[in-house]
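Colleague: File name upload11.cif; file contents mmCIF, C-alpha atoms; full text below.
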data_protein
#
loop_
_atom_site.group_PDB
_atom_site.id
_atom_site.type_symbol
_atom_site.label_atom_id
_atom_site.label_comp_id
_atom_site.auth_asym_id
_atom_site.auth_seq_id
_atom_site.Cartn_x
_atom_site.Cartn_y
_atom_site.Cartn_z
ATOM 1 C CA MET A 1 -8.249 -35.936 -3.040
ATOM 2 C CA PRO A 2 -9.668 -35.156 -6.514
ATOM 3 C CA LEU A 3 -7.108 -33.769 -8.951
ATOM 4 C CA ILE A 4 -7.429 -32.632 -12.539
ATOM 5 C CA ASN A 5 -4.649 -31.755 -14.964
ATOM 6 C CA VAL A 6 -4.765 -28.147 -16.108
ATOM 7 C CA ARG A 7 -2.011 -27.115 -18.507
ATOM 8 C CA GLY A 8 0.489 -29.583 -17.073
ATOM 9 C CA VAL A 9 -0.293 -29.023 -13.376
ATOM 10 C CA GLU A 10 -2.447 -31.280 -11.216
ATOM 11 C CA HIS A 11 -5.079 -29.013 -9.670
ATOM 12 C CA HIS A 12 -6.994 -29.873 -6.532
ATOM 13 C CA TYR A 13 -10.732 -29.249 -6.798
ATOM 14 C CA GLU A 14 -13.864 -30.189 -4.908
ATOM 15 C CA TRP A 15 -17.620 -29.833 -5.164
ATOM 16 C CA ILE A 16 -19.863 -28.593 -2.378
ATOM 17 C CA CYS A 17 -23.432 -29.541 -3.242
ATOM 18 C CA GLN A 18 -26.672 -30.360 -1.510
ATOM 19 C CA SER A 19 -28.405 -33.503 -2.669
ATOM 20 C CA THR A 20 -31.650 -32.716 -4.425
ATOM 21 C CA THR A 21 -34.182 -34.447 -6.629
ATOM 22 C CA SER A 22 -34.840 -31.283 -8.624
ATOM 23 C CA GLU A 23 -33.119 -30.383 -11.871
ATOM 24 C CA GLN A 24 -29.429 -29.528 -11.901
ATOM 25 C CA LYS A 25 -28.445 -26.291 -10.176
ATOM 26 C CA PRO A 26 -26.320 -23.541 -11.700
ATOM 27 C CA VAL A 27 -22.618 -23.694 -10.852
ATOM 28 C CA MET A 28 -20.731 -21.091 -8.821
ATOM 29 C CA VAL A 29 -16.925 -21.209 -9.052
ATOM 30 C CA PHE A 30 -14.843 -19.821 -6.181
ATOM 31 C CA VAL A 31 -11.331 -18.421 -6.695
ATOM 32 C CA HIS A 32 -9.035 -17.745 -3.739
ATOM 33 C CA GLY A 33 -6.319 -15.124 -3.293
ATOM 34 C CA TRP A 34 -2.556 -14.981 -2.823
ATOM 35 C CA GLY A 35 -0.999 -17.391 -0.343
ATOM 36 C CA GLY A 36 -4.302 -19.084 0.416
ATOM 37 C CA SER A 37 -6.372 -22.008 -0.804
ATOM 38 C CA SER A 38 -9.970 -22.864 -1.555
ATOM 39 C CA ARG A 39 -10.395 -23.914 2.084
ATOM 40 C CA TYR A 40 -11.361 -20.404 3.162
ATOM 41 C CA TRP A 41 -14.299 -20.396 0.728
ATOM 42 C CA GLU A 42 -15.881 -23.529 2.203
ATOM 43 C CA SER A 43 -18.252 -21.828 4.653
ATOM 44 C CA THR A 44 -19.498 -19.406 1.971
ATOM 45 C CA ALA A 45 -19.961 -22.234 -0.507
ATOM 46 C CA ASN A 46 -21.851 -24.316 2.044
ATOM 47 C CA ALA A 47 -24.184 -21.382 2.707
ATOM 48 C CA LEU A 48 -24.909 -20.951 -1.016
ATOM 49 C CA SER A 49 -25.168 -24.645 -1.863
ATOM 50 C CA ASP A 50 -28.937 -24.528 -1.433
ATOM 51 C CA THR A 51 -29.018 -22.619 -4.738
ATOM 52 C CA PHE A 52 -25.725 -23.502 -6.460
ATOM 53 C CA ASP A 53 -23.468 -26.462 -7.046
ATOM 54 C CA CYS A 54 -20.248 -24.884 -5.760
ATOM 55 C CA LEU A 55 -16.867 -25.630 -7.340
ATOM 56 C CA LEU A 56 -13.744 -24.822 -5.330
ATOM 57 C CA TYR A 57 -10.193 -25.247 -6.583
ATOM 58 C CA ASP A 58 -6.649 -24.322 -5.564
ATOM 59 C CA LEU A 59 -4.698 -22.062 -7.905
ATOM 60 C CA ARG A 60 -1.530 -23.688 -9.230
ATOM 61 C CA GLY A 61 1.321 -23.417 -6.793
ATOM 62 C CA PHE A 62 -1.015 -22.868 -3.842
ATOM 63 C CA GLY A 63 -2.890 -25.117 -1.427
ATOM 64 C CA ARG A 64 -3.031 -28.670 -2.747
ATOM 65 C CA SER A 65 -2.305 -27.768 -6.396
ATOM 66 C CA ARG A 66 1.379 -28.583 -6.194
ATOM 67 C CA LEU A 67 3.729 -27.746 -9.044
ATOM 68 C CA PRO A 68 5.334 -30.727 -10.822
ATOM 69 C CA GLU A 69 8.905 -31.681 -9.993
ATOM 70 C CA THR A 70 9.710 -32.056 -13.673
ATOM 71 C CA SER A 71 10.648 -28.791 -15.326
ATOM 72 C CA ILE A 72 7.877 -27.264 -17.409
ATOM 73 C CA GLU A 73 7.684 -23.617 -18.376
ATOM 74 C CA LEU A 74 5.219 -21.816 -16.127
ATOM 75 C CA LEU A 75 4.326 -18.134 -16.071
ATOM 76 C CA TYR A 76 2.690 -16.299 -13.182
ATOM 77 C CA GLU A 77 0.891 -13.368 -14.783
ATOM 78 C CA MET A 78 -2.776 -12.939 -13.887
ATOM 79 C CA GLU A 79 -3.661 -13.648 -17.530
ATOM 80 C CA GLU A 80 -2.159 -17.120 -17.096
ATOM 81 C CA TYR A 81 -4.334 -17.842 -14.086
ATOM 82 C CA ALA A 82 -7.376 -16.598 -16.017
ATOM 83 C CA GLU A 83 -6.507 -19.071 -18.756
ATOM 84 C CA ASP A 84 -6.107 -21.847 -16.158
ATOM 85 C CA LEU A 85 -9.718 -21.201 -15.141
ATOM 86 C CA ALA A 86 -10.911 -21.451 -18.738
ATOM 87 C CA VAL A 87 -9.130 -24.781 -19.202
ATOM 88 C CA LEU A 88 -10.506 -26.068 -15.882
ATOM 89 C CA LEU A 89 -14.064 -25.263 -16.956
ATOM 90 C CA ASP A 90 -13.470 -27.015 -20.280
ATOM 91 C CA ALA A 91 -12.104 -30.094 -18.529
ATOM 92 C CA LEU A 92 -15.179 -30.251 -16.285
ATOM 93 C CA GLU A 93 -17.512 -29.488 -19.233
ATOM 94 C CA LEU A 94 -18.912 -26.338 -17.641
ATOM 95 C CA LYS A 95 -20.133 -23.924 -20.287
ATOM 96 C CA ARG A 96 -21.544 -21.086 -18.176
ATOM 97 C CA VAL A 97 -21.045 -20.357 -14.482
ATOM 98 C CA TYR A 98 -21.322 -17.785 -11.737
ATOM 99 C CA LEU A 99 -17.970 -16.563 -10.429
ATOM 100 C CA ASN A 100 -16.945 -15.545 -6.902
ATOM 101 C CA ALA A 101 -13.301 -14.470 -6.550
ATOM 102 C CA HIS A 102 -11.184 -12.841 -3.851
ATOM 103 C CA SER A 103 -8.151 -10.529 -3.788
ATOM 104 C CA MET A 104 -5.473 -11.676 -6.264
ATOM 105 C CA GLY A 105 -7.959 -14.243 -7.541
ATOM 106 C CA ALA A 106 -10.355 -11.381 -8.288
ATOM 107 C CA SER A 107 -7.727 -9.773 -10.540
ATOM 108 C CA ALA A 108 -7.445 -12.996 -12.521
ATOM 109 C CA ALA A 109 -11.246 -13.257 -12.539
ATOM 110 C CA ALA A 110 -11.639 -9.744 -13.980
ATOM 111 C CA LEU A 111 -9.336 -10.731 -16.845
ATOM 112 C CA PHE A 112 -11.343 -13.934 -17.330
ATOM 113 C CA LEU A 113 -14.602 -11.949 -17.463
ATOM 114 C CA ASN A 114 -13.336 -9.870 -20.377
ATOM 115 C CA ARG A 115 -11.845 -12.801 -22.264
ATOM 116 C CA TYR A 116 -14.796 -15.142 -21.791
ATOM 117 C CA PRO A 117 -17.864 -12.995 -21.005
ATOM 118 C CA GLU A 118 -20.167 -15.576 -22.581
ATOM 119 C CA ARG A 119 -19.125 -18.089 -19.914
ATOM 120 C CA VAL A 120 -20.178 -16.072 -16.843
ATOM 121 C CA GLU A 121 -23.723 -15.270 -15.778
ATOM 122 C CA ARG A 122 -22.777 -12.900 -12.939
ATOM 123 C CA ALA A 123 -19.640 -12.268 -10.893
ATOM 124 C CA ILE A 124 -18.732 -11.272 -7.347
ATOM 125 C CA LEU A 125 -15.283 -9.772 -6.805
ATOM 126 C CA THR A 126 -14.342 -9.499 -3.138
ATOM 127 C CA CYS A 127 -11.556 -7.157 -1.984
ATOM 128 C CA SER A 128 -10.391 -6.004 -5.384
ATOM 129 C CA GLY A 129 -9.601 -2.626 -6.886
ATOM 130 C CA VAL A 130 -7.240 -0.479 -8.930
ATOM 131 C CA PHE A 131 -4.139 1.314 -7.703
ATOM 132 C CA GLU A 132 -1.690 3.877 -8.993
ATOM 133 C CA TYR A 133 1.924 2.970 -9.668
ATOM 134 C CA GLU A 134 4.582 4.495 -7.408
ATOM 135 C CA GLU A 135 8.065 3.287 -8.251
ATOM 136 C CA LYS A 136 9.652 3.701 -4.816
ATOM 137 C CA SER A 137 6.835 2.084 -2.851
ATOM 138 C CA PHE A 138 6.470 -0.765 -5.352
ATOM 139 C CA THR A 139 10.208 -1.446 -5.320
ATOM 140 C CA ALA A 140 10.204 -1.511 -1.517
ATOM 141 C CA PHE A 141 7.148 -3.781 -1.463
ATOM 142 C CA HIS A 142 8.786 -6.277 -3.827
ATOM 143 C CA LYS A 143 12.034 -6.272 -1.852
ATOM 144 C CA ILE A 144 10.372 -6.835 1.504
ATOM 145 C CA GLY A 145 7.881 -9.266 -0.015
ATOM 146 C CA GLY A 146 10.724 -11.303 -1.464
ATOM 147 C CA TYR A 147 12.227 -11.735 2.007
ATOM 148 C CA VAL A 148 8.843 -12.642 3.467
ATOM 149 C CA VAL A 149 8.203 -15.298 0.821
ATOM 150 C CA LYS A 150 11.702 -16.742 1.241
ATOM 151 C CA PHE A 151 11.607 -16.907 5.036
ATOM 152 C CA ARG A 152 8.696 -19.215 5.887
ATOM 153 C CA PRO A 153 9.937 -21.729 8.471
ATOM 154 C CA ARG A 154 7.543 -24.593 9.175
ATOM 155 C CA TRP A 155 8.334 -24.375 12.892
ATOM 156 C CA PHE A 156 6.286 -21.169 12.969
ATOM 157 C CA LEU A 157 3.189 -23.397 13.142
ATOM 158 C CA HIS A 158 4.285 -24.538 16.610
ATOM 159 C CA VAL A 159 4.534 -21.019 18.010
ATOM 160 C CA PRO A 160 1.584 -20.288 20.364
ATOM 161 C CA PHE A 161 -1.054 -18.101 18.709
ATOM 162 C CA ALA A 162 1.001 -18.039 15.476
ATOM 163 C CA GLY A 163 -2.106 -18.255 13.311
ATOM 164 C CA SER A 164 -3.782 -15.341 15.036
ATOM 165 C CA LEU A 165 -0.589 -13.269 14.850
ATOM 166 C CA PHE A 166 -0.228 -14.067 11.159
ATOM 167 C CA MET A 167 -3.821 -13.064 10.371
ATOM 168 C CA ALA A 168 -3.899 -9.873 12.448
ATOM 169 C CA ARG A 169 -2.942 -7.646 9.503
ATOM 170 C CA PHE A 170 -5.707 -9.127 7.331
ATOM 171 C CA LEU A 171 -8.588 -8.802 9.797
ATOM 172 C CA HIS A 172 -10.541 -6.188 11.697
ATOM 173 C CA ARG A 173 -12.123 -8.768 13.969
ATOM 174 C CA PRO A 174 -10.425 -12.064 14.916
ATOM 175 C CA LEU A 175 -11.438 -15.430 13.510
ATOM 176 C CA PRO A 176 -11.496 -18.733 15.424
ATOM 177 C CA SER A 177 -7.949 -19.992 16.017
ATOM 178 C CA ALA A 178 -8.463 -23.106 13.880
ATOM 179 C CA ILE A 179 -9.359 -20.978 10.854
ATOM 180 C CA SER A 180 -6.376 -18.665 11.376
ATOM 181 C CA ARG A 181 -4.091 -21.686 11.689
ATOM 182 C CA ALA A 182 -5.386 -23.046 8.370
ATOM 183 C CA PHE A 183 -4.510 -19.726 6.720
ATOM 184 C CA LEU A 184 -0.991 -19.946 8.119
ATOM 185 C CA GLU A 185 -0.604 -23.532 6.915
ATOM 186 C CA ASP A 186 -1.625 -22.550 3.383
ATOM 187 C CA TYR A 187 0.846 -19.669 3.390
ATOM 188 C CA LEU A 188 3.722 -21.858 4.579
ATOM 189 C CA VAL A 189 3.164 -24.589 1.964
ATOM 190 C CA ALA A 190 2.690 -22.248 -1.012
ATOM 191 C CA ASP A 191 5.276 -22.904 -3.717
ATOM 192 C CA TYR A 192 8.081 -20.337 -3.550
ATOM 193 C CA THR A 193 8.174 -19.689 -7.301
ATOM 194 C CA ALA A 194 4.401 -19.247 -7.541
ATOM 195 C CA ALA A 195 4.180 -17.080 -4.419
ATOM 196 C CA LEU A 196 6.995 -14.800 -5.557
ATOM 197 C CA GLY A 197 5.915 -14.730 -9.202
ATOM 198 C CA THR A 198 2.309 -13.778 -8.487
ATOM 199 C CA MET A 199 3.357 -11.148 -5.944
ATOM 200 C CA LEU A 200 5.579 -9.489 -8.560
ATOM 201 C CA THR A 201 2.947 -9.568 -11.323
ATOM 202 C CA SER A 202 -0.219 -8.703 -9.397
ATOM 203 C CA VAL A 203 1.359 -5.654 -7.751
ATOM 204 C CA SER A 204 3.308 -4.046 -10.580
ATOM 205 C CA LYS A 205 3.459 -1.131 -12.978
ATOM 206 C CA TYR A 206 1.868 -3.345 -15.621
ATOM 207 C CA ALA A 207 -1.046 -4.263 -13.325
ATOM 208 C CA ALA A 208 -1.557 -0.604 -12.385
ATOM 209 C CA GLU A 209 -1.861 0.246 -16.079
ATOM 210 C CA VAL A 210 -3.911 -2.731 -17.222
ATOM 211 C CA MET A 211 -6.423 -3.379 -14.436
ATOM 212 C CA PRO A 212 -8.275 -0.027 -14.773
ATOM 213 C CA GLN A 213 -8.811 -0.856 -18.438
ATOM 214 C CA GLU A 214 -10.077 -4.321 -17.534
ATOM 215 C CA PHE A 215 -12.605 -2.964 -15.048
ATOM 216 C CA ALA A 216 -13.753 -0.336 -17.550
ATOM 217 C CA ARG A 217 -14.331 -3.036 -20.195
ATOM 218 C CA LEU A 218 -16.511 -5.294 -18.037
ATOM 219 C CA SER A 219 -19.692 -6.401 -19.783
ATOM 220 C CA VAL A 220 -20.763 -8.960 -17.127
ATOM 221 C CA SER A 221 -22.875 -7.751 -14.194
ATOM 222 C CA THR A 222 -20.462 -7.651 -11.274
ATOM 223 C CA LEU A 223 -20.747 -7.041 -7.537
ATOM 224 C CA LEU A 224 -17.568 -5.612 -5.982
ATOM 225 C CA ILE A 225 -17.396 -5.989 -2.194
ATOM 226 C CA SER A 226 -14.797 -4.246 -0.023
ATOM 227 C CA GLY A 227 -13.997 -4.352 3.676
ATOM 228 C CA GLU A 228 -14.090 -0.973 5.416
ATOM 229 C CA TYR A 229 -10.733 -1.443 7.181
ATOM 230 C CA ASP A 230 -8.920 -3.530 4.561
ATOM 231 C CA LYS A 231 -5.184 -2.738 4.722
ATOM 232 C CA ILE A 232 -4.255 -5.062 1.844
ATOM 233 C CA ILE A 233 -6.607 -3.633 -0.778
ATOM 234 C CA PRO A 234 -8.141 -0.528 0.822
ATOM 235 C CA ALA A 235 -11.821 0.146 0.187
ATOM 236 C CA GLU A 236 -10.910 3.322 -1.691
ATOM 237 C CA LEU A 237 -9.310 1.168 -4.411
ATOM 238 C CA GLY A 238 -12.536 -0.803 -4.708
ATOM 239 C CA ARG A 239 -14.621 2.367 -4.977
ATOM 240 C CA ARG A 240 -12.239 3.622 -7.651
ATOM 241 C CA ALA A 241 -12.647 0.427 -9.673
ATOM 242 C CA ALA A 242 -16.443 0.470 -9.350
ATOM 243 C CA GLN A 243 -16.614 3.964 -10.820
ATOM 244 C CA LEU A 244 -15.035 2.732 -14.048
ATOM 245 C CA SER A 245 -18.017 0.694 -15.250
ATOM 246 C CA GLU A 246 -21.782 0.850 -14.990
ATOM 247 C CA LYS A 247 -21.722 -2.945 -14.843
ATOM 248 C CA ILE A 248 -20.190 -2.845 -11.355
ATOM 249 C CA GLU A 249 -22.302 -2.564 -8.223
ATOM 250 C CA TYR A 250 -20.238 -1.575 -5.187
ATOM 251 C CA PHE A 251 -20.858 -2.587 -1.581
ATOM 252 C CA GLU A 252 -18.695 -1.930 1.461
ATOM 253 C CA ILE A 253 -19.056 -3.955 4.645
ATOM 254 C CA SER A 254 -18.363 -1.935 7.781
ATOM 255 C CA GLY A 255 -16.268 -3.389 10.567
ATOM 256 C CA THR A 256 -14.403 -5.819 8.294
ATOM 257 C CA ALA A 257 -11.037 -5.929 6.563
ATOM 258 C CA HIS A 258 -9.603 -8.301 3.921
ATOM 259 C CA PHE A 259 -11.963 -11.236 4.580
ATOM 260 C CA PRO A 260 -15.469 -9.757 4.915
ATOM 261 C CA MET A 261 -17.051 -13.083 3.935
ATOM 262 C CA LEU A 262 -15.571 -14.599 7.112
ATOM 263 C CA GLU A 263 -15.661 -11.588 9.412
ATOM 264 C CA LYS A 264 -19.342 -10.766 8.802
ATOM 265 C CA PRO A 265 -20.713 -13.710 6.814
ATOM 266 C CA GLU A 266 -24.391 -12.873 7.401
ATOM 267 C CA ILE A 267 -24.086 -9.424 5.820
ATOM 268 C CA TYR A 268 -21.860 -10.738 3.031
ATOM 269 C CA LEU A 269 -24.278 -13.517 2.121
ATOM 270 C CA GLU A 270 -27.310 -11.239 2.335
ATOM 271 C CA LYS A 271 -25.762 -8.847 -0.183
ATOM 272 C CA VAL A 272 -24.632 -11.642 -2.507
ATOM 273 C CA ARG A 273 -28.103 -13.184 -2.476
ATOM 274 C CA GLU A 274 -29.691 -9.798 -3.127
ATOM 275 C CA PHE A 275 -27.351 -9.186 -6.089
ATOM 276 C CA LEU A 276 -28.083 -12.634 -7.528
ATOM 277 C CA GLY A 277 -31.819 -12.272 -7.000
ATOM 278 C CA ILE A 278 -32.166 -15.284 -4.714
ATOM 279 C CA GLY A 279 -33.731 -15.512 -1.275
ATOM 280 C CA SER A 280 -32.252 -16.834 1.936
ATOM 281 C CA PRO A 281 -32.799 -20.561 2.657
ATOM 282 C CA ALA A 282 -35.604 -19.613 5.066
ATOM 283 C CA THR A 283 -37.480 -17.549 2.481
ATOM 284 C CA ALA A 284 -36.561 -19.232 -0.797
#
Could you spell out this file's structure in C-alpha cells?

Modeller:
Amino acid sequence: MPLINVRGVEHHYEWICQSTTSEQKPVMVFVHGWGGSSRYWESTANALSDTFDCLLYDLRGFGRSRLPETSIELLYEMEEYAEDLAVLLDALELKRVYLNAHSMGASAAALFLNRYPERVERAILTCSGVFEYEEKSFTAFHKIGGYVVKFRPRWFLHVPFAGSLFMARFLHRPLPSAISRAFLEDYLVADYTAALGTMLTSVSKYAAEVMPQEFARLSVSTLLISGEYDKIIPAELGRRAAQLSEKIEYFEISGTAHFPMLEKPEIYLEKVREFLGIGSPATA
C-alpha cells in the first residue's frame, strides 16, 4: 500500500493509469468527501484513464490515511486540507493538474483553486454549493452529528443489508451491495477526531460566510455538477454557487442524489468529457 508523508501524516495514494507508448498524459487528481475514501472514485478514474493519469488519495483521518498515534497538532479546517493537497502535489513533483473533487472535498478544492490557481488547468466540483447560516439548525446538526460520529459500532457491518441501509439517504437509485458495503466500511473506520472536526468546520457559520466569497473569486474554469435529489447538498445550493462566478459551468443530473458519478456514470462522464474537450474512448 503506497504511503507518502504529508505534514506529519502518512497518506495513502494510488495511480490509475493505462500503459501507453505515447508521451506522458496530464494528471487528474480526485478528492473524496466526508466519511469516505478514494475507493469510490476508482470507477470514474478508470473511465478517464484513457486520457489522464489519475491520482487518488485518502484525506488524512479517512480511509487508509490513518492519523499517527504520537501526538502532533492537527487542525481540521478546509483550508488545512487544501494545504495538504498542495504539499502532496509538491511531494509527487506535480506542477499542474486537473482536479475532480466531491462534497466536503469539493469545499477544500475550491479553497485550493483560489490559493494555487496556477496549479490547476480545469476543475470539476461534484455535489458542492453554498448555504445560509441558521443558528438553531446548525446547532442541532452538530449535536446529532456528534452522536452519529461517536456511535459507530463495527458489528453494524454484520447486519444484513447494512450497507444499503446506510447509503439510502445518499442515493436516489441503489448501488450494488458490495459498493454500499465499502462506503459503510470507510465510514466506520474514519478517525473520530477527523470525522468530528471536519463536520464542525465544513458546516459552520464560518463556512457559510467564506464559501460564497471563494466561489465568487474563482479564476479557474470549473464545472459544478449536482444531483437532482441530493439531500446532503441540495441542487439549489449548487445553482446558487454557480451564479456567483462566470468561471463556473453548472450541470444537474436528473434522477441522482449525492453520488451522481456512481448513480448515472454514463451521463456524468459524458458531461465531464464535454467540459474538458475530450472525446469518449470510442471517438477519441

Colleague: Restricting the calculation to only C-alpha atoms, which member of A:Val203, A:Ala47, A:Leu92, A:Leu184 is positioned closest to A:Leu3?

Modeller: A:Leu92

Colleague: Would you please work out which residue, of A:Lys143, A:Arg7, A:Arg122, A:Arg152, is nearest to A:Val87 when using all atoms listed in the file?

Modeller: A:Arg7

Colleague: Near A:Ala82, within 12 Å and counting only C-alpha atoms, which residues show up once chain neighbours fewer than 3 positions away are dropped, as a short mmCIF file (atom, residue, chain, number, x, y, z; two decimals) with C-alpha atoms, in the frame of the given file?

Modeller:
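Result file is selection_25.cif:
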data_model
loop_
_atom_site.label_atom_id
_atom_site.label_comp_id
_atom_site.auth_asym_id
_atom_site.auth_seq_id
_atom_site.Cartn_x
_atom_site.Cartn_y
_atom_site.Cartn_z
CA VAL A 6 -4.76 -28.15 -16.11
CA VAL A 31 -11.33 -18.42 -6.70
CA LEU A 59 -4.70 -22.06 -7.90
CA ARG A 60 -1.53 -23.69 -9.23
CA LEU A 75 4.33 -18.13 -16.07
CA TYR A 76 2.69 -16.30 -13.18
CA GLU A 77 0.89 -13.37 -14.78
CA MET A 78 -2.78 -12.94 -13.89
CA GLU A 79 -3.66 -13.65 -17.53
CA LEU A 85 -9.72 -21.20 -15.14
CA ALA A 86 -10.91 -21.45 -18.74
CA VAL A 87 -9.13 -24.78 -19.20
CA LEU A 88 -10.51 -26.07 -15.88
CA LEU A 89 -14.06 -25.26 -16.96
CA LEU A 99 -17.97 -16.56 -10.43
CA ALA A 101 -13.30 -14.47 -6.55
CA MET A 104 -5.47 -11.68 -6.26
CA GLY A 105 -7.96 -14.24 -7.54
CA ALA A 106 -10.36 -11.38 -8.29
CA SER A 107 -7.73 -9.77 -10.54
CA ALA A 108 -7.44 -13.00 -12.52
CA ALA A 109 -11.25 -13.26 -12.54
CA ALA A 110 -11.64 -9.74 -13.98
CA LEU A 111 -9.34 -10.73 -16.84
CA PHE A 112 -11.34 -13.93 -17.33
CA LEU A 113 -14.60 -11.95 -17.46
CA ASN A 114 -13.34 -9.87 -20.38
CA ARG A 115 -11.84 -12.80 -22.26
CA TYR A 116 -14.80 -15.14 -21.79
#

Colleague: Written as a PyMOL selection string, what is the full residue list that the PyMOL selection byres ((chain A and resi 170) around 8) yields on the file shown?

Modeller: chain A and resi 167-169+171-172+230-232+257-259

Colleague: Within 9 Å of stretch 265-279 of chain A, which residues of stretch 193-251 of chain A come that close, and what is the closest atom pair and distance in Å for each? Count only C-alpha atoms and give it as a Markdown table.

Modeller:
| residue | atom | partner | partner_atom | distance |
| --- | --- | --- | --- | --- |
| A:Thr222 | CA | A:Phe275 | CA | 8.8 |
| A:Leu223 | CA | A:Phe275 | CA | 7.1 |
| A:Ile225 | CA | A:Tyr268 | CA | 8.4 |
| A:Glu249 | CA | A:Phe275 | CA | 8.6 |
| A:Phe251 | CA | A:Lys271 | CA | 8.1 |

Colleague: Can you tell me how far atom CA of A:Phe161 sits from atom CA of A:Arg39, in Å to one decimal?

Modeller: 19.9 Å

Colleague: In Å, how far is it from atom CA of A:Ile253 to atom CA of A:Leu200?

Modeller: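 Computing the Euclidean distance for atom CA of A:Ile253 and atom CA of A:Leu200 yields 28.5 Å.
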
Colleague: For atom CA of A:Trp155 and atom CA of A:Arg66, quote the distance in Å rounded to one decimal.

Modeller: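 So the answer is 20.7 Å.
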
Colleague: Around (-12.4, -4.7, -15.2) in the file's frame, which residues reach within 12 Å when counting only C-alpha atoms? Return as a PyMOL selection string?

Modeller: chain A and resi 106-115+117+123+125+128-130+207-224+238+240-248

Colleague: Give as an MDAnalysis selection string the residues that the PyMOL selection byres ((chain A and resi 17) around 10) matches when applied to the coordinates above.

Modeller: chainID A and resid 14:16 18:20 25 27 45:46 48:55

Colleague: Can you tell me, as a list in words, what residues are no more than 9 Å from A:Pro2 when counting all atoms listed in the file, ignoring any on the same chain fewer than 5 positions away?

Modeller: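 Counting all atoms listed in the file, the residues come to His11, His12, Tyr13 and Glu14 of chain A.
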
Colleague: Find, counting only C-alpha atoms, the residue in A:Lys205, A:Lys150, A:Lys95, A:Arg64 that gets nearest to A:Pro26.

Modeller: A:Lys95

Colleague: Quick one: residues within 12 Å of stretch 187-195 of chain A, all atoms listed in the file, excluding same-chain residues fewer than 5 positions away - as a count of residues only?

Modeller: 50

Colleague: As a check of understanding, name the residues that the PyMOL selection byres ((chain A and resi 121) around 7) selects in the supplied structure, as a tab-separated table (two decimals) with C-alpha atoms, keeping the file's coordinate frame.

Modeller:
chain	number	residue	atom	x	y	z
A	96	ARG	CA	-21.54	-21.09	-18.18
A	97	VAL	CA	-21.04	-20.36	-14.48
A	98	TYR	CA	-21.32	-17.78	-11.74
A	119	ARG	CA	-19.12	-18.09	-19.91
A	120	VAL	CA	-20.18	-16.07	-16.84
A	122	ARG	CA	-22.78	-12.90	-12.94

Colleague: Please determine, counting only C-alpha atoms, which residue among A:Thr256, A:Thr70, A:Asn100, A:Ser226 has the shortest atom-to-atom distance to A:Thr44.

Modeller: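 That would be A:Asn100, the residue with the smallest distance to A:Thr44.
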
Colleague: N, CA and C atoms are needed for stretch 171-182 of chain A; please write them out as an mmCIF file, keeping the file's coordinate frame.

Modeller:
data_model
loop_
_atom_site.group_PDB
_atom_site.id
_atom_site.type_symbol
_atom_site.label_atom_id
_atom_site.label_comp_id
_atom_site.auth_asym_id
_atom_site.auth_seq_id
_atom_site.Cartn_x
_atom_site.Cartn_y
_atom_site.Cartn_z
ATOM 1 N N LEU A 171 -7.264 -8.786 9.184
ATOM 2 C CA LEU A 171 -8.588 -8.802 9.797
ATOM 3 C C LEU A 171 -8.843 -7.549 10.626
ATOM 4 N N HIS A 172 -10.133 -7.218 10.747
ATOM 5 C CA HIS A 172 -10.541 -6.188 11.697
ATOM 6 C C HIS A 172 -11.086 -6.832 12.965
ATOM 7 N N ARG A 173 -11.634 -8.006 12.815
ATOM 8 C CA ARG A 173 -12.123 -8.768 13.969
ATOM 9 C C ARG A 173 -11.558 -10.174 13.861
ATOM 10 N N PRO A 174 -11.109 -10.770 14.981
ATOM 11 C CA PRO A 174 -10.425 -12.064 14.916
ATOM 12 C C PRO A 174 -11.353 -13.195 14.493
ATOM 13 N N LEU A 175 -10.736 -14.213 13.884
ATOM 14 C CA LEU A 175 -11.438 -15.430 13.510
ATOM 15 C C LEU A 175 -11.091 -16.530 14.506
ATOM 16 N N PRO A 176 -11.862 -17.609 14.552
ATOM 17 C CA PRO A 176 -11.496 -18.733 15.424
ATOM 18 C C PRO A 176 -10.074 -19.201 15.132
ATOM 19 N N SER A 177 -9.362 -19.645 16.160
ATOM 20 C CA SER A 177 -7.949 -19.992 16.017
ATOM 21 C C SER A 177 -7.715 -21.085 14.986
ATOM 22 N N ALA A 178 -8.643 -22.028 14.858
ATOM 23 C CA ALA A 178 -8.463 -23.106 13.880
ATOM 24 C C ALA A 178 -8.464 -22.564 12.457
ATOM 25 N N ILE A 179 -9.307 -21.577 12.187
ATOM 26 C CA ILE A 179 -9.359 -20.978 10.854
ATOM 27 C C ILE A 179 -8.078 -20.193 10.575
ATOM 28 N N SER A 180 -7.616 -19.424 11.550
ATOM 29 C CA SER A 180 -6.376 -18.665 11.376
ATOM 30 C C SER A 180 -5.188 -19.595 11.166
ATOM 31 N N ARG A 181 -5.183 -20.720 11.859
ATOM 32 C CA ARG A 181 -4.091 -21.686 11.689
ATOM 33 C C ARG A 181 -4.109 -22.269 10.271
ATOM 34 N N ALA A 182 -5.292 -22.522 9.728
ATOM 35 C CA ALA A 182 -5.386 -23.046 8.370
ATOM 36 C C ALA A 182 -4.820 -22.042 7.361
#
